[in-house]
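Participant: The structure file model15.pdb (PDB, C-alpha atoms and all ligand atoms) is provided below.
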```pdb
ATOM      1  CA  MET F   1      75.856  89.456 101.692  1.00  0.00           C
ATOM      2  CA  ILE F   2      72.101  90.076 101.944  1.00  0.00           C
ATOM      3  CA  LEU F   3      70.292  87.822 104.403  1.00  0.00           C
ATOM      4  CA  ARG F   4      66.801  86.475 103.753  1.00  0.00           C
ATOM      5  CA  HIS F   5      65.680  84.073 106.504  1.00  0.00           C
ATOM      6  CA  PRO F   6      64.123  83.977 109.993  1.00  0.00           C
ATOM      7  CA  ILE F   7      67.453  82.693 111.316  1.00  0.00           C
ATOM      8  CA  SER F   8      69.077  85.791 109.858  1.00  0.00           C
ATOM      9  CA  THR F   9      69.919  87.061 113.362  1.00  0.00           C
ATOM     10  CA  LEU F  10      72.101  84.016 113.939  1.00  0.00           C
ATOM     11  CA  TYR F  11      73.716  84.376 110.528  1.00  0.00           C
ATOM     12  CA  THR F  12      74.281  88.097 111.067  1.00  0.00           C
ATOM     13  CA  PHE F  13      76.074  87.223 114.312  1.00  0.00           C
ATOM     14  CA  LEU F  14      78.168  84.532 112.620  1.00  0.00           C
ATOM     15  CA  TYR F  15      79.084  86.799 109.712  1.00  0.00           C
ATOM     16  CA  ARG F  16      80.109  89.551 112.139  1.00  0.00           C
ATOM     17  CA  GLN F  17      82.422  87.077 113.883  1.00  0.00           C
ATOM     18  CA  LEU F  18      83.893  86.160 110.511  1.00  0.00           C
ATOM     19  CA  TYR F  19      84.568  89.827 109.718  1.00  0.00           C
ATOM     20  CA  THR F  20      86.211  90.513 113.085  1.00  0.00           C
ATOM     21  CA  ARG F  21      87.436  87.879 115.545  1.00  0.00           C
ATOM     22  CA  PHE F  22      87.680  85.122 112.928  1.00  0.00           C
ATOM     23  CA  ALA F  23      88.764  87.306 110.005  1.00  0.00           C
ATOM     24  CA  TRP F  24      91.796  85.028 109.625  1.00  0.00           C
ATOM     25  CA  ALA F  25      89.371  82.277 108.540  1.00  0.00           C
ATOM     26  CA  TYR F  26      87.469  84.401 105.980  1.00  0.00           C
ATOM     27  CA  ASP F  27      89.410  83.377 102.849  1.00  0.00           C
ATOM     28  CA  GLY F  28      89.189  79.675 103.756  1.00  0.00           C
ATOM     29  CA  VAL F  29      85.477  79.814 104.555  1.00  0.00           C
ATOM     30  CA  SER F  30      84.589  81.739 101.389  1.00  0.00           C
ATOM     31  CA  TRP F  31      86.658  79.297  99.316  1.00  0.00           C
ATOM     32  CA  LEU F  32      84.851  76.379 100.947  1.00  0.00           C
ATOM     33  CA  VAL F  33      81.274  77.652 100.606  1.00  0.00           C
ATOM     34  CA  SER F  34      81.894  78.581  96.970  1.00  0.00           C
ATOM     35  CA  LEU F  35      83.738  75.313  96.186  1.00  0.00           C
ATOM     36  CA  GLY F  36      86.727  77.395  95.152  1.00  0.00           C
ATOM     37  CA  HIS F  37      84.855  79.913  92.965  1.00  0.00           C
ATOM     38  CA  TRP F  38      84.863  82.968  95.281  1.00  0.00           C
ATOM     39  CA  ASP F  39      87.837  84.726  93.640  1.00  0.00           C
ATOM     40  CA  ASP F  40      86.408  84.225  90.135  1.00  0.00           C
ATOM     41  CA  TRP F  41      82.966  85.488  91.192  1.00  0.00           C
ATOM     42  CA  ARG F  42      84.488  88.543  92.848  1.00  0.00           C
ATOM     43  CA  ARG F  43      86.724  89.247  89.835  1.00  0.00           C
ATOM     44  CA  VAL F  44      83.644  89.727  87.601  1.00  0.00           C
ATOM     45  CA  ALA F  45      83.454  93.233  89.111  1.00  0.00           C
ATOM     46  CA  LEU F  46      86.572  94.231  87.144  1.00  0.00           C
ATOM     47  CA  ASP F  47      84.711  93.933  83.817  1.00  0.00           C
ATOM     48  CA  PHE F  48      82.322  96.688  84.923  1.00  0.00           C
ATOM     49  CA  VAL F  49      84.752  99.260  86.312  1.00  0.00           C
ATOM     50  CA  THR F  50      84.600 102.604  84.542  1.00  0.00           C
ATOM     51  CA  GLY F  51      86.879 105.663  84.755  1.00  0.00           C
ATOM     52  CA  ALA F  52      90.139 106.145  86.587  1.00  0.00           C
ATOM     53  CA  ASP F  53      89.324 106.449  90.285  1.00  0.00           C
ATOM     54  CA  VAL F  54      87.838 103.452  92.060  1.00  0.00           C
ATOM     55  CA  LEU F  55      86.554 103.041  95.613  1.00  0.00           C
ATOM     56  CA  GLU F  56      86.102  99.524  96.992  1.00  0.00           C
ATOM     57  CA  VAL F  57      83.736  99.427  99.964  1.00  0.00           C
ATOM     58  CA  GLY F  58      83.937  96.489 102.401  1.00  0.00           C
ATOM     59  CA  PHE F  59      87.087  95.052 100.808  1.00  0.00           C
ATOM     60  CA  GLY F  60      87.345  92.269 103.417  1.00  0.00           C
ATOM     61  CA  THR F  61      90.709  90.507 103.275  1.00  0.00           C
ATOM     62  CA  GLY F  62      91.782  92.750 100.386  1.00  0.00           C
ATOM     63  CA  GLU F  63      92.027  90.154  97.600  1.00  0.00           C
ATOM     64  CA  LEU F  64      90.413  92.308  94.927  1.00  0.00           C
ATOM     65  CA  LEU F  65      91.974  95.493  96.285  1.00  0.00           C
ATOM     66  CA  SER F  66      95.474  93.953  95.937  1.00  0.00           C
ATOM     67  CA  GLU F  67      94.632  92.682  92.477  1.00  0.00           C
ATOM     68  CA  MET F  68      93.438  96.110  91.320  1.00  0.00           C
ATOM     69  CA  ALA F  69      96.508  97.803  92.831  1.00  0.00           C
ATOM     70  CA  ALA F  70      98.781  95.245  91.126  1.00  0.00           C
ATOM     71  CA  LYS F  71      97.124  96.100  87.797  1.00  0.00           C
ATOM     72  CA  GLY F  72      98.116  99.742  88.383  1.00  0.00           C
ATOM     73  CA  MET F  73      94.546 100.928  88.973  1.00  0.00           C
ATOM     74  CA  SER F  74      93.949 103.984  91.155  1.00  0.00           C
ATOM     75  CA  VAL F  75      91.952 102.286  93.887  1.00  0.00           C
ATOM     76  CA  THR F  76      91.041 103.354  97.431  1.00  0.00           C
ATOM     77  CA  GLY F  77      89.601 100.948  99.989  1.00  0.00           C
ATOM     78  CA  LEU F  78      87.133 101.500 102.796  1.00  0.00           C
ATOM     79  CA  GLU F  79      86.450  98.754 105.320  1.00  0.00           C
ATOM     80  CA  ALA F  80      84.834  98.790 108.764  1.00  0.00           C
ATOM     81  CA  SER F  81      86.757  95.925 110.378  1.00  0.00           C
ATOM     82  CA  ALA F  82      90.197  96.529 111.917  1.00  0.00           C
ATOM     83  CA  ALA F  83      90.972  92.801 111.658  1.00  0.00           C
ATOM     84  CA  MET F  84      90.304  92.888 107.898  1.00  0.00           C
ATOM     85  CA  HIS F  85      92.638  95.877 107.587  1.00  0.00           C
ATOM     86  CA  THR F  86      95.418  93.941 109.329  1.00  0.00           C
ATOM     87  CA  ILE F  87      95.066  90.995 106.948  1.00  0.00           C
ATOM     88  CA  THR F  88      94.915  93.305 103.926  1.00  0.00           C
ATOM     89  CA  THR F  89      98.036  95.213 105.018  1.00  0.00           C
ATOM     90  CA  ARG F  90      99.924  91.922 105.157  1.00  0.00           C
ATOM     91  CA  LYS F  91      98.626  90.915 101.727  1.00  0.00           C
ATOM     92  CA  LEU F  92      99.641  94.223 100.153  1.00  0.00           C
ATOM     93  CA  ILE F  93     103.141  93.991 101.662  1.00  0.00           C
ATOM     94  CA  VAL F  94     103.603  90.436 100.379  1.00  0.00           C
ATOM     95  CA  GLY F  95     102.350  91.497  96.937  1.00  0.00           C
ATOM     96  CA  ARG F  96     104.596  94.610  97.023  1.00  0.00           C
ATOM     97  CA  VAL F  97     101.713  96.871  96.084  1.00  0.00           C
ATOM     98  CA  SER F  98      99.976  99.714  97.885  1.00  0.00           C
ATOM     99  CA  ALA F  99      96.530 101.255  97.955  1.00  0.00           C
ATOM    100  CA  PRO F 100      95.176 103.996 100.226  1.00  0.00           C
ATOM    101  CA  ARG F 101      92.799 102.513 102.799  1.00  0.00           C
ATOM    102  CA  VAL F 102      90.441 103.970 105.366  1.00  0.00           C
ATOM    103  CA  GLN F 103      88.768 102.281 108.313  1.00  0.00           C
ATOM    104  CA  GLY F 104      85.203 103.551 108.268  1.00  0.00           C
ATOM    105  CA  PHE F 105      81.589 102.941 107.370  1.00  0.00           C
ATOM    106  CA  ALA F 106      79.773 103.033 104.062  1.00  0.00           C
ATOM    107  CA  GLN F 107      77.131 105.201 105.742  1.00  0.00           C
ATOM    108  CA  GLN F 108      79.653 107.977 106.435  1.00  0.00           C
ATOM    109  CA  LEU F 109      82.225 108.144 103.664  1.00  0.00           C
ATOM    110  CA  PRO F 110      85.220 110.343 104.508  1.00  0.00           C
ATOM    111  CA  PHE F 111      85.614 111.557 100.903  1.00  0.00           C
ATOM    112  CA  THR F 112      84.772 114.759  99.068  1.00  0.00           C
ATOM    113  CA  ASP F 113      81.808 114.965  96.691  1.00  0.00           C
ATOM    114  CA  ALA F 114      82.337 113.487  93.211  1.00  0.00           C
ATOM    115  CA  ALA F 115      85.650 111.843  94.161  1.00  0.00           C
ATOM    116  CA  PHE F 116      85.240 108.493  92.327  1.00  0.00           C
ATOM    117  CA  ASP F 117      84.289 107.144  88.900  1.00  0.00           C
ATOM    118  CA  THR F 118      83.391 103.677  90.196  1.00  0.00           C
ATOM    119  CA  ILE F 119      82.307 102.497  93.631  1.00  0.00           C
ATOM    120  CA  LEU F 120      82.230  98.735  93.969  1.00  0.00           C
ATOM    121  CA  ALA F 121      81.337  96.242  96.663  1.00  0.00           C
ATOM    122  CA  THR F 122      81.574  92.483  96.178  1.00  0.00           C
ATOM    123  CA  PHE F 123      79.436  90.285  98.417  1.00  0.00           C
ATOM    124  CA  PRO F 124      78.382  93.446 100.225  1.00  0.00           C
ATOM    125  CA  ALA F 125      77.286  93.391 103.865  1.00  0.00           C
ATOM    126  CA  GLY F 126      74.068  94.879 105.280  1.00  0.00           C
ATOM    127  CA  PHE F 127      75.041  98.423 104.308  1.00  0.00           C
ATOM    128  CA  VAL F 128      73.499  97.851 100.867  1.00  0.00           C
ATOM    129  CA  THR F 129      70.054  97.893 102.467  1.00  0.00           C
ATOM    130  CA  ASP F 130      70.735 101.215 104.236  1.00  0.00           C
ATOM    131  CA  PRO F 131      69.539 104.367 102.423  1.00  0.00           C
ATOM    132  CA  ALA F 132      72.214 106.355 104.321  1.00  0.00           C
ATOM    133  CA  ALA F 133      74.937 104.385 102.518  1.00  0.00           C
ATOM    134  CA  HIS F 134      73.258 104.901  99.145  1.00  0.00           C
ATOM    135  CA  LYS F 135      73.069 108.636  99.780  1.00  0.00           C
ATOM    136  CA  GLU F 136      76.802 108.603 100.408  1.00  0.00           C
ATOM    137  CA  PHE F 137      77.519 106.521  97.298  1.00  0.00           C
ATOM    138  CA  SER F 138      75.579 109.009  95.137  1.00  0.00           C
ATOM    139  CA  ARG F 139      77.404 111.912  96.739  1.00  0.00           C
ATOM    140  CA  VAL F 140      80.954 110.655  96.172  1.00  0.00           C
ATOM    141  CA  LEU F 141      80.275 109.335  92.641  1.00  0.00           C
ATOM    142  CA  ARG F 142      81.235 111.625  89.750  1.00  0.00           C
ATOM    143  CA  PRO F 143      78.613 112.485  87.128  1.00  0.00           C
ATOM    144  CA  GLY F 144      78.678 109.607  84.642  1.00  0.00           C
ATOM    145  CA  GLY F 145      80.107 107.365  87.363  1.00  0.00           C
ATOM    146  CA  ARG F 146      79.000 103.893  88.303  1.00  0.00           C
ATOM    147  CA  LEU F 147      78.058 102.037  91.486  1.00  0.00           C
ATOM    148  CA  LEU F 148      78.403  98.293  91.267  1.00  0.00           C
ATOM    149  CA  PHE F 149      77.566  95.391  93.532  1.00  0.00           C
ATOM    150  CA  VAL F 150      78.516  91.785  92.890  1.00  0.00           C
ATOM    151  CA  ASP F 151      76.631  88.900  94.477  1.00  0.00           C
ATOM    152  CA  VAL F 152      75.499  85.422  93.404  1.00  0.00           C
ATOM    153  CA  ALA F 153      72.159  83.720  92.757  1.00  0.00           C
ATOM    154  CA  LEU F 154      71.206  80.074  92.556  1.00  0.00           C
ATOM    155  CA  SER F 155      70.092  78.787  89.166  1.00  0.00           C
ATOM    156  CA  THR F 156      69.328  75.080  89.520  1.00  0.00           C
ATOM    157  CA  ASP F 157      66.494  72.859  90.763  1.00  0.00           C
ATOM    158  CA  ASN F 158      68.867  70.210  92.104  1.00  0.00           C
ATOM    159  CA  PRO F 159      67.595  69.718  95.708  1.00  0.00           C
ATOM    160  CA  LEU F 160      70.988  68.776  97.165  1.00  0.00           C
ATOM    161  CA  PHE F 161      72.624  71.798  95.582  1.00  0.00           C
ATOM    162  CA  ARG F 162      69.779  74.045  96.754  1.00  0.00           C
ATOM    163  CA  PHE F 163      70.094  72.745 100.321  1.00  0.00           C
ATOM    164  CA  PHE F 164      73.804  73.484 100.605  1.00  0.00           C
ATOM    165  CA  TYR F 165      73.509  76.817  98.797  1.00  0.00           C
ATOM    166  CA  ARG F 166      70.808  77.967 101.212  1.00  0.00           C
ATOM    167  CA  LEU F 167      72.941  76.928 104.172  1.00  0.00           C
ATOM    168  CA  ALA F 168      75.733  79.198 102.959  1.00  0.00           C
ATOM    169  CA  PHE F 169      73.502  81.976 101.575  1.00  0.00           C
ATOM    170  CA  PRO F 170      70.256  81.920 103.572  1.00  0.00           C
ATOM    171  CA  PRO F 171      67.374  83.715 101.844  1.00  0.00           C
ATOM    172  CA  SER F 172      65.951  86.888 103.426  1.00  0.00           C
ATOM    173  CA  PRO F 173      63.037  88.448 101.502  1.00  0.00           C
ATOM    174  CA  GLN F 174      62.975  91.425 103.905  1.00  0.00           C
ATOM    175  CA  ALA F 175      66.610  92.331 103.221  1.00  0.00           C
ATOM    176  CA  ALA F 176      66.110  91.842  99.480  1.00  0.00           C
ATOM    177  CA  ALA F 177      63.092  94.179  99.622  1.00  0.00           C
ATOM    178  CA  ARG F 178      65.039  96.781 101.605  1.00  0.00           C
ATOM    179  CA  PHE F 179      67.878  96.572  99.068  1.00  0.00           C
ATOM    180  CA  ALA F 180      65.419  97.115  96.184  1.00  0.00           C
ATOM    181  CA  GLU F 181      63.825 100.046  98.048  1.00  0.00           C
ATOM    182  CA  ALA F 182      67.189 101.690  98.753  1.00  0.00           C
ATOM    183  CA  LEU F 183      68.100 101.387  95.060  1.00  0.00           C
ATOM    184  CA  ASP F 184      64.707 102.803  94.016  1.00  0.00           C
ATOM    185  CA  GLU F 185      65.212 105.796  96.263  1.00  0.00           C
ATOM    186  CA  SER F 186      68.711 106.486  94.955  1.00  0.00           C
ATOM    187  CA  SER F 187      69.039 108.936  92.098  1.00  0.00           C
ATOM    188  CA  LEU F 188      70.946 106.337  90.046  1.00  0.00           C
ATOM    189  CA  ARG F 189      69.718 104.471  86.975  1.00  0.00           C
ATOM    190  CA  ILE F 190      69.665 100.828  88.048  1.00  0.00           C
ATOM    191  CA  SER F 191      70.205  97.767  85.876  1.00  0.00           C
ATOM    192  CA  ARG F 192      71.242  94.154  86.403  1.00  0.00           C
ATOM    193  CA  ARG F 193      73.479  91.726  84.543  1.00  0.00           C
ATOM    194  CA  VAL F 194      73.708  88.001  85.147  1.00  0.00           C
ATOM    195  CA  VAL F 195      77.081  86.483  84.318  1.00  0.00           C
ATOM    196  CA  GLY F 196      77.879  82.778  83.759  1.00  0.00           C
ATOM    197  CA  ASN F 197      75.758  79.725  83.011  1.00  0.00           C
ATOM    198  CA  GLY F 198      76.481  77.351  85.899  1.00  0.00           C
ATOM    199  CA  PRO F 199      74.226  76.406  88.815  1.00  0.00           C
ATOM    200  CA  VAL F 200      75.389  79.555  90.646  1.00  0.00           C
ATOM    201  CA  ARG F 201      75.495  82.774  88.621  1.00  0.00           C
ATOM    202  CA  VAL F 202      77.069  86.096  89.356  1.00  0.00           C
ATOM    203  CA  VAL F 203      74.598  88.954  89.640  1.00  0.00           C
ATOM    204  CA  VAL F 204      75.966  92.435  88.987  1.00  0.00           C
ATOM    205  CA  THR F 205      73.802  95.346  90.069  1.00  0.00           C
ATOM    206  CA  LEU F 206      74.768  98.597  88.372  1.00  0.00           C
ATOM    207  CA  GLY F 207      73.775 102.135  89.339  1.00  0.00           C
ATOM    208  CA  GLU F 208      74.675 104.798  86.790  1.00  0.00           C
ATOM    209  CA  LYS F 209      74.871 108.427  87.822  1.00  0.00           C
ATOM    210  CA  ALA F 210      73.661 110.813  85.129  1.00  0.00           C
ATOM    211  CA  ALA F 211      76.403 112.717  83.335  1.00  0.00           C
ATOM    212  CA  ALA F 212      76.513 116.429  84.126  1.00  0.00           C
ATOM    213  CA  ASP F 213      74.095 118.460  82.015  1.00  0.00           C
ATOM    214  CA  VAL F 214      75.806 120.117  79.093  1.00  0.00           C
ATOM    215  CA  ALA F 215      74.706 123.736  78.848  1.00  0.00           C
ATOM    216  CA  THR F 216      72.961 124.481  75.570  1.00  0.00           C
ATOM    217  CA  VAL F 217      72.930 127.933  74.003  1.00  0.00           C
TER     218      VAL F 217
HETATM  219  C1  LIG F 301      80.882  89.552 102.962  1.00  0.00           C
HETATM  220  S1  LIG F 301      82.303  90.532 103.308  1.00  0.00           S
HETATM  221  C2  LIG F 301      82.857  90.846 101.629  1.00  0.00           C
HETATM  222  C3  LIG F 301      84.348  91.024 101.576  1.00  0.00           C
HETATM  223  C4  LIG F 301      84.920  91.102 100.160  1.00  0.00           C
HETATM  224  N1  LIG F 301      84.378  92.249  99.450  1.00  0.00           N
HETATM  225  C5  LIG F 301      84.683  89.839  99.386  1.00  0.00           C
HETATM  226  O1  LIG F 301      84.211  89.902  98.243  1.00  0.00           O
HETATM  227  O2  LIG F 301      85.010  88.749  99.883  1.00  0.00           O
HETATM  228  C6  LIG F 301      81.634  92.118 103.755  1.00  0.00           C
HETATM  229  C7  LIG F 301      82.700  93.085 104.281  1.00  0.00           C
HETATM  230  O3  LIG F 301      82.056  94.346 104.515  1.00  0.00           O
HETATM  231  C8  LIG F 301      82.550  94.895 105.736  1.00  0.00           C
HETATM  232  N2  LIG F 301      81.500  95.802 106.249  1.00  0.00           N
HETATM  233  C9  LIG F 301      80.393  95.480 106.931  1.00  0.00           C
HETATM  234  N3  LIG F 301      79.641  96.572 107.185  1.00  0.00           N
HETATM  235  C10 LIG F 301      80.330  97.629 106.672  1.00  0.00           C
HETATM  236  C11 LIG F 301      80.070  99.029 106.601  1.00  0.00           C
HETATM  237  N4  LIG F 301      78.957  99.547 107.122  1.00  0.00           N
HETATM  238  N5  LIG F 301      80.974  99.820 105.992  1.00  0.00           N
HETATM  239  C12 LIG F 301      82.113  99.275 105.450  1.00  0.00           C
HETATM  240  N6  LIG F 301      82.416  97.968 105.484  1.00  0.00           N
HETATM  241  C13 LIG F 301      81.521  97.139 106.071  1.00  0.00           C
HETATM  242  C14 LIG F 301      82.802  93.681 106.614  1.00  0.00           C
HETATM  243  O4  LIG F 301      83.709  93.967 107.660  1.00  0.00           O
HETATM  244  C15 LIG F 301      83.321  92.665 105.605  1.00  0.00           C
HETATM  245  O5  LIG F 301      84.717  92.718 105.509  1.00  0.00           O
END
```
Any chance you could put this one into structure tokens?
Ligand SMILES: C[S@@+](CC[C@H](N)C(=O)[O-])C[C@H]1O[C@@H](n2cnc3c(N)ncnc32)[C@H](O)[C@@H]1O

Facilitator:
Amino acid sequence: MILRHPISTLYTFLYRQLYTRFAWAYDGVSWLVSLGHWDDWRRVALDFVTGADVLEVGFGTGELLSEMAAKGMSVTGLEASAAMHTITTRKLIVGRVSAPRVQGFAQQLPFTDAAFDTILATFPAGFVTDPAAHKEFSRVLRPGGRLLFVDVALSTDNPLFRFFYRLAFPPSPQAAARFAEALDESSLRISRRVVGNGPVRVVVTLGEKAAADVATV
């Protein structure tokens, strides 16, 4: 989630608590702030997956990871929080599915070059504004591969709706600018798709890595 407000320090602190000490509350809180839409918003990512090997970065409580594994997709998960790993392990056991997972940081991916066809992050944390993470994403993506981020944007003038949306997703122009800069600096071809037609729309940011040059004679 990209923050855009002077009180962003407070929100960053609260989010960190939600990813660690209060990870058990994450699914409930995300359900509440999205009025029950969080799973559907997150699931939009699946329509943009390309190729066989998928890496999910910052998988949180593992909802999408479990869903992809249950569909038989070859998916690997990377997540920084130990508490999120614990919850995800439980979820995978209950769902009787498995997926390789690593505890680590987007800025230092423990994978070989060109290991994945798709790298996805839904409601990504601050790592999306960090050029170090983008360098890593480009490195582990295969030629022709795709980086994709899923987030939401408000699309209504209703003042009450705007007030509550901004409470849950406070704006932070600085973070948005840093995100745009990091994308600009990446070697990927960037595009955006907006999905849905309700007051809150899903925004998919895509980064395509050029296919390997075909030698011409
Ligand atoms: C807003 S949550 C999103 C979780 C999930 N993808 C979803 O859609 O609900 C962001 C997740 O990214 C993780 N995270 C934060 N910084 C990270 C980093 N540098 N590398 C990997 N994961 C990170 C957090 O622990 C948290 O679980």

Participant: Can you sort out the box for ligand LIG 301 (chain F), edges along x, y and z, all listed atoms in, 6 Å on every side, with centre and edge lengths in Å to one decimal, as JSON?

Facilitator:
```
{"center_x": 82.0, "center_y": 94.3, "center_z": 103.0, "size_x": 18.1, "size_y": 23.1, "size_z": 21.4}
```

Participant: Using only C-alpha atoms and all ligand atoms, which of F:Val49, F:Leu32, F:Leu64, F:Ala69 sits nearest ligand LIG 301 (chain F)?

Facilitator: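 Using only C-alpha atoms and all ligand atoms, the shortest distance to ligand LIG 301 (chain F) belongs to F:Leu64.
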
Participant: So, counting only C-alpha atoms, which residue among F:Val29, F:Val202, F:Ala125, F:Leu109 is closest to Leu154 of chain F?

Facilitator: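 Among the listed residues, the smallest separation from Leu154 of chain F belongs to F:Val202.
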
Participant: Which one of F:Phe22, F:Phe48, F:Phe116, F:Phe163 sits closest to ligand LIG 301 (chain F) if you count only C-alpha atoms and all ligand atoms?

Facilitator: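 Closest to ligand LIG 301 (chain F), using only C-alpha atoms and all ligand atoms: F:Phe22.
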
Participant: Nearest to ligand LIG 301 (chain F): which of F:Phe149, F:Phe13, F:Tyr26, F:Phe59 is it, counting all atoms listed in the file?

Facilitator: F:Phe59

Participant: Could you pull segment 6-18 of chain F out of the structure I just pasted and write it to a file containing N, CA, C and O atoms, as a tab-separated table (two decimals), in the first residue's frame?

Facilitator:
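Below you can see decode24.tsv, which holds the result:
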```tsv
chain	number	residue	atom	x	y	z
F	6	PRO	N	0.71	13.56	5.24
F	6	PRO	CA	1.64	13.93	6.31
F	6	PRO	C	1.58	12.97	7.50
F	6	PRO	O	2.57	12.78	8.20
F	7	ILE	N	0.44	12.35	7.74
F	7	ILE	CA	0.37	11.41	8.87
F	7	ILE	C	0.84	10.02	8.44
F	7	ILE	O	0.57	9.02	9.10
F	8	SER	N	1.59	9.99	7.34
F	8	SER	CA	2.03	8.69	6.81
F	8	SER	C	2.92	7.93	7.79
F	8	SER	O	2.93	6.70	7.78
F	9	THR	N	3.65	8.68	8.67
F	9	THR	CA	4.51	8.00	9.64
F	9	THR	C	3.66	7.15	10.58
F	9	THR	O	3.98	5.99	10.86
F	10	LEU	N	2.54	7.74	11.01
F	10	LEU	CA	1.64	7.01	11.91
F	10	LEU	C	1.06	5.79	11.19
F	10	LEU	O	1.04	4.67	11.72
F	11	TYR	N	0.63	6.00	9.95
F	11	TYR	CA	0.06	4.89	9.19
F	11	TYR	C	1.09	3.81	8.94
F	11	TYR	O	0.79	2.62	9.02
F	12	THR	N	2.33	4.24	8.62
F	12	THR	CA	3.39	3.25	8.38
F	12	THR	C	3.58	2.40	9.63
F	12	THR	O	3.69	1.17	9.55
F	13	PHE	N	3.54	3.04	10.79
F	13	PHE	CA	3.68	2.32	12.06
F	13	PHE	C	2.51	1.33	12.24
F	13	PHE	O	2.72	0.15	12.54
F	14	LEU	N	1.30	1.83	11.98
F	14	LEU	CA	0.12	0.97	12.17
F	14	LEU	C	0.14	-0.21	11.21
F	14	LEU	O	-0.15	-1.35	11.58
F	15	TYR	N	0.51	0.06	9.94
F	15	TYR	CA	0.57	-1.03	8.97
F	15	TYR	C	1.60	-2.07	9.40
F	15	TYR	O	1.37	-3.27	9.29
F	16	ARG	N	2.75	-1.57	9.89
F	16	ARG	CA	3.80	-2.52	10.32
F	16	ARG	C	3.29	-3.42	11.43
F	16	ARG	O	3.56	-4.61	11.47
F	17	GLN	N	2.50	-2.83	12.35
F	17	GLN	CA	1.92	-3.64	13.43
F	17	GLN	C	0.99	-4.71	12.85
F	17	GLN	O	0.98	-5.86	13.29
F	18	LEU	N	0.24	-4.30	11.82
F	18	LEU	CA	-0.71	-5.21	11.21
F	18	LEU	C	0.00	-6.34	10.46
F	18	LEU	O	-0.54	-7.43	10.30
```
